[in-house]
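See below for the structure under consideration.
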Amino acid sequence: MSYPNPAAIFTRSWSLYDLLTEHNYMFHREIYAGVDELLSLRDDSPYRLLDLGCGNARYLAPCLMRIPPTLYRGVDLSETALAEAHEYLAELPGEVVLTQGDLLDAVESTAESWDVLFTGFALHHLMTDQKARFFRAAGRSLSEKGWLILVDVVREENQDRETYLEGYLRFMHEKWTEVPRDQLEEACAHVREHDYPEPLSTLQEMARQAGLSHMRLTGRHAQHHTLLFTRSATSAMKKG
Ligand SMILES: C[S@@+](CC[C@H](N)C(=O)[O-])C[C@H]1O[C@@H](n2cnc3c(N)ncnc32)[C@H](O)[C@@H]1O
């Protein structure tokens, strides 16, 4: 089965996503402050991070500056976003590798062991069976004490996709007031076509089946969640 390309909007108009994030319409400020804090809780061992659907890495890059990974690998379908990611990650002292490709292929085919898998606002583009594959691959490719950090939109329990979409599109129309009309409609069409968020319980169950039995909700801003999945409750956490 093939699905329409969810990255098309990012390839054509990365500037639209930049506009949304500059107005903080998806809570990037709070979310990435939370990711920064979360990463600071990791023990001090060197780590390697794979960022799946990295976009231009504009908001993750500053979080990595405090405790930089020895290797950052970013994967995205959008060439435009990756070109910008080179700039945003330029100051990072460790090795930076950026690859154009599909995030599911990348995590399923990686032969390496990763200490942190990060994915921000990308997983909801996958269908349910693909998300299950994503978690299975994450379980395989994470190091023993590895972390999967998932930032994404999540549906309420028992809320169907249609009802979720109604709510999210209403939120966009009410709150995203600084987006020019035609671009707002483009963003709404993208959400309608490509957003397939799951309820928390589904994500948790997929992760559990992949051996990542511990889930922590580390942040929530409306529908936008930050989740940490690990094999055990204390995986690679600083002591004390
Ligand atoms: C909403 S942006 C998020 C960018 C960044 N991670 C953030 O948190 O701001 C989603 C990104 O996922 C990418 N993307 C969507 N589906 C993808 C896929 N199957 N494989 C790789 N990248 C994908 C898009 O190109 C886009 O750059």
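Identifiers in the structure tokens: chain A, B, ... in order shown; residue index from 1 per chain; ligand index from 1 in order shown.
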Can you list, as a PyMOL selection string, all residues belonging to stretch 19-239 of chain A that DSSP tags as helix (DSSP H, G or I)?
-> chain A and resi 19-22+28-40+60-66+79-88+103-109+123-125+128-141+161-175+181-194+200-209
Mind dumping a table of every chain A residue within 7 Å of ligand 1, with the nearest atom pair and its distance in Å to one decimal, using only C-alpha atoms and all ligand atoms, sorted by chain and rising number, as a Markdown table?
| residue | atom | partner | partner_atom_place_in_ligand_line | distance |
| --- | --- | --- | --- | --- |
| A:Pro6 | CA | ligand 1 | 16 (N) | 5.2 |
| A:Ala7 | CA | ligand 1 | 25 (O) | 3.9 |
| A:Phe10 | CA | ligand 1 | 25 (O) | 5.3 |
| A:Thr11 | CA | ligand 1 | 25 (O) | 6.8 |
| A:Leu52 | CA | ligand 1 | 21 (C) | 6.4 |
| A:Gly53 | CA | ligand 1 | 12 (O) | 3.8 |
| A:Cys54 | CA | ligand 1 | 6 (N) | 4.1 |
| A:Gly55 | CA | ligand 1 | 27 (O) | 3.4 |
| A:Asn56 | CA | ligand 1 | 4 (C) | 6.5 |
| A:Ala57 | CA | ligand 1 | 5 (C) | 5.8 |
| A:Tyr59 | CA | ligand 1 | 9 (O) | 6.4 |
| A:Val75 | CA | ligand 1 | 21 (C) | 6.1 |
| A:Asp76 | CA | ligand 1 | 22 (N) | 3.7 |
| A:Leu77 | CA | ligand 1 | 22 (N) | 4.4 |
| A:Ser78 | CA | ligand 1 | 25 (O) | 4.6 |
| A:Ala81 | CA | ligand 1 | 27 (O) | 6.1 |
| A:Gly101 | CA | ligand 1 | 21 (C) | 5.7 |
| A:Asp102 | CA | ligand 1 | 20 (N) | 3.4 |
| A:Leu103 | CA | ligand 1 | 20 (N) | 3.8 |
| A:Leu104 | CA | ligand 1 | 19 (N) | 6.2 |
| A:Thr119 | CA | ligand 1 | 6 (N) | 6.0 |
| A:Gly120 | CA | ligand 1 | 8 (O) | 3.7 |
| A:Phe121 | CA | ligand 1 | 3 (C) | 4.7 |
| A:Ala122 | CA | ligand 1 | 12 (O) | 4.3 |
| A:His125 | CA | ligand 1 | 16 (N) | 5.6 |
| A:Leu126 | CA | ligand 1 | 19 (N) | 6.8 |
What are the closest atom pairs, with distances in Å to one decimal, for all residues of stretch 48-139 of chain A lying within 12 Å of stretch 194-216 of chain A? Consider only C-alpha atoms, order rows by chain and residue number, and present the result as a Markdown table.
| residue | atom | partner | partner_atom | distance |
| --- | --- | --- | --- | --- |
| A:Phe121 | CA | A:Asp195 | CA | 9.8 |
| A:Ala122 | CA | A:Asp195 | CA | 9.3 |
| A:Leu123 | CA | A:Pro197 | CA | 8.0 |
| A:His124 | CA | A:Pro197 | CA | 4.7 |
| A:His125 | CA | A:Asp195 | CA | 5.5 |
| A:Leu126 | CA | A:Tyr196 | CA | 6.8 |
| A:Met127 | CA | A:Tyr196 | CA | 6.6 |
| A:Thr128 | CA | A:Glu198 | CA | 7.7 |
| A:Asp129 | CA | A:Met206 | CA | 9.8 |
| A:Gln130 | CA | A:Met206 | CA | 10.7 |
| A:Lys131 | CA | A:Met206 | CA | 7.9 |
| A:Ala132 | CA | A:Met206 | CA | 5.6 |
| A:Arg133 | CA | A:Met206 | CA | 8.7 |
| A:Phe134 | CA | A:Met206 | CA | 9.0 |
| A:Phe135 | CA | A:Ala207 | CA | 5.6 |
| A:Arg136 | CA | A:Ala210 | CA | 4.8 |
| A:Ala137 | CA | A:Ala210 | CA | 7.9 |
| A:Ala138 | CA | A:Ala210 | CA | 7.7 |
| A:Gly139 | CA | A:Ala210 | CA | 5.1 |
Keeping only N, CA and C atoms, take the residues you just selected and write them out as a PDB file, in the first residue's frame.
ATOM      1  N   PHE A 121       6.877  15.350  16.051  1.00  0.00           N
ATOM      2  CA  PHE A 121       5.764  15.689  15.154  1.00  0.00           C
ATOM      3  C   PHE A 121       5.865  14.997  13.796  1.00  0.00           C
ATOM      4  N   ALA A 122       6.304  13.755  13.798  1.00  0.00           N
ATOM      5  CA  ALA A 122       6.425  13.019  12.539  1.00  0.00           C
ATOM      6  C   ALA A 122       5.697  11.683  12.583  1.00  0.00           C
ATOM      7  N   LEU A 123       5.656  11.051  13.762  1.00  0.00           N
ATOM      8  CA  LEU A 123       5.098   9.694  13.839  1.00  0.00           C
ATOM      9  C   LEU A 123       3.624   9.641  13.434  1.00  0.00           C
ATOM     10  N   HIS A 124       2.879  10.711  13.700  1.00  0.00           N
ATOM     11  CA  HIS A 124       1.445  10.694  13.391  1.00  0.00           C
ATOM     12  C   HIS A 124       1.178  10.643  11.886  1.00  0.00           C
ATOM     13  N   HIS A 125       2.221  10.815  11.082  1.00  0.00           N
ATOM     14  CA  HIS A 125       2.048  10.674   9.631  1.00  0.00           C
ATOM     15  C   HIS A 125       1.966   9.210   9.217  1.00  0.00           C
ATOM     16  N   LEU A 126       2.392   8.309  10.098  1.00  0.00           N
ATOM     17  CA  LEU A 126       2.367   6.882   9.758  1.00  0.00           C
ATOM     18  C   LEU A 126       1.009   6.278  10.096  1.00  0.00           C
ATOM     19  N   MET A 127       0.642   5.220   9.353  1.00  0.00           N
ATOM     20  CA  MET A 127      -0.576   4.468   9.657  1.00  0.00           C
ATOM     21  C   MET A 127      -0.311   3.596  10.886  1.00  0.00           C
ATOM     22  N   THR A 128      -1.389   3.043  11.460  1.00  0.00           N
ATOM     23  CA  THR A 128      -1.253   2.288  12.712  1.00  0.00           C
ATOM     24  C   THR A 128      -0.252   1.125  12.583  1.00  0.00           C
ATOM     25  N   ASP A 129      -0.368   0.354  11.496  1.00  0.00           N
ATOM     26  CA  ASP A 129       0.550  -0.802  11.358  1.00  0.00           C
ATOM     27  C   ASP A 129       1.993  -0.324  11.198  1.00  0.00           C
ATOM     28  N   GLN A 130       2.171   0.824  10.565  1.00  0.00           N
ATOM     29  CA  GLN A 130       3.531   1.359  10.405  1.00  0.00           C
ATOM     30  C   GLN A 130       4.076   1.852  11.759  1.00  0.00           C
ATOM     31  N   LYS A 131       3.182   2.400  12.577  1.00  0.00           N
ATOM     32  CA  LYS A 131       3.641   2.854  13.905  1.00  0.00           C
ATOM     33  C   LYS A 131       4.088   1.658  14.735  1.00  0.00           C
ATOM     34  N   ALA A 132       3.341   0.551  14.622  1.00  0.00           N
ATOM     35  CA  ALA A 132       3.742  -0.655  15.368  1.00  0.00           C
ATOM     36  C   ALA A 132       5.121  -1.123  14.898  1.00  0.00           C
ATOM     37  N   ARG A 133       5.346  -1.060  13.576  1.00  0.00           N
ATOM     38  CA  ARG A 133       6.675  -1.422  13.046  1.00  0.00           C
ATOM     39  C   ARG A 133       7.744  -0.472  13.566  1.00  0.00           C
ATOM     40  N   PHE A 134       7.370   0.799  13.642  1.00  0.00           N
ATOM     41  CA  PHE A 134       8.311   1.803  14.157  1.00  0.00           C
ATOM     42  C   PHE A 134       8.750   1.442  15.582  1.00  0.00           C
ATOM     43  N   PHE A 135       7.777   1.110  16.433  1.00  0.00           N
ATOM     44  CA  PHE A 135       8.123   0.789  17.823  1.00  0.00           C
ATOM     45  C   PHE A 135       8.973  -0.483  17.889  1.00  0.00           C
ATOM     46  N   ARG A 136       8.610  -1.486  17.056  1.00  0.00           N
ATOM     47  CA  ARG A 136       9.399  -2.733  17.078  1.00  0.00           C
ATOM     48  C   ARG A 136      10.846  -2.443  16.692  1.00  0.00           C
ATOM     49  N   ALA A 137      11.011  -1.628  15.659  1.00  0.00           N
ATOM     50  CA  ALA A 137      12.369  -1.287  15.219  1.00  0.00           C
ATOM     51  C   ALA A 137      13.083  -0.456  16.281  1.00  0.00           C
ATOM     52  N   ALA A 138      12.338   0.423  16.943  1.00  0.00           N
ATOM     53  CA  ALA A 138      12.944   1.236  18.010  1.00  0.00           C
ATOM     54  C   ALA A 138      13.427   0.320  19.134  1.00  0.00           C
ATOM     55  N   GLY A 139      12.592  -0.651  19.500  1.00  0.00           N
ATOM     56  CA  GLY A 139      12.967  -1.598  20.553  1.00  0.00           C
ATOM     57  C   GLY A 139      14.250  -2.350  20.196  1.00  0.00           C
TER      58      GLY A 139
END
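For the set A:Leu60, A:Leu217, A:Leu16, A:Val154, the residue with the smallest atom-to-atom gap to A:His28 is A:Leu60, counting only C-alpha atoms.
Nearest-residue note for A:Lys145: choosing from A:Leu19, A:Met26, A:Met237, A:Leu71, the minimum distance belongs to A:Met237, counting only C-alpha atoms.
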Counting only C-alpha atoms, which of A:Lys238, A:Glu178, A:Ala189, A:Thr230 gets nearest to A:Asp43?
->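 Among the listed residues, the smallest separation from A:Asp43 belongs to A:Lys238.
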State, in Å with one decimal place, the distance from atom CA of A:Leu64 to atom CA of A:Leu39.
->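 Here the two named atoms are 8.1 Å from each other.
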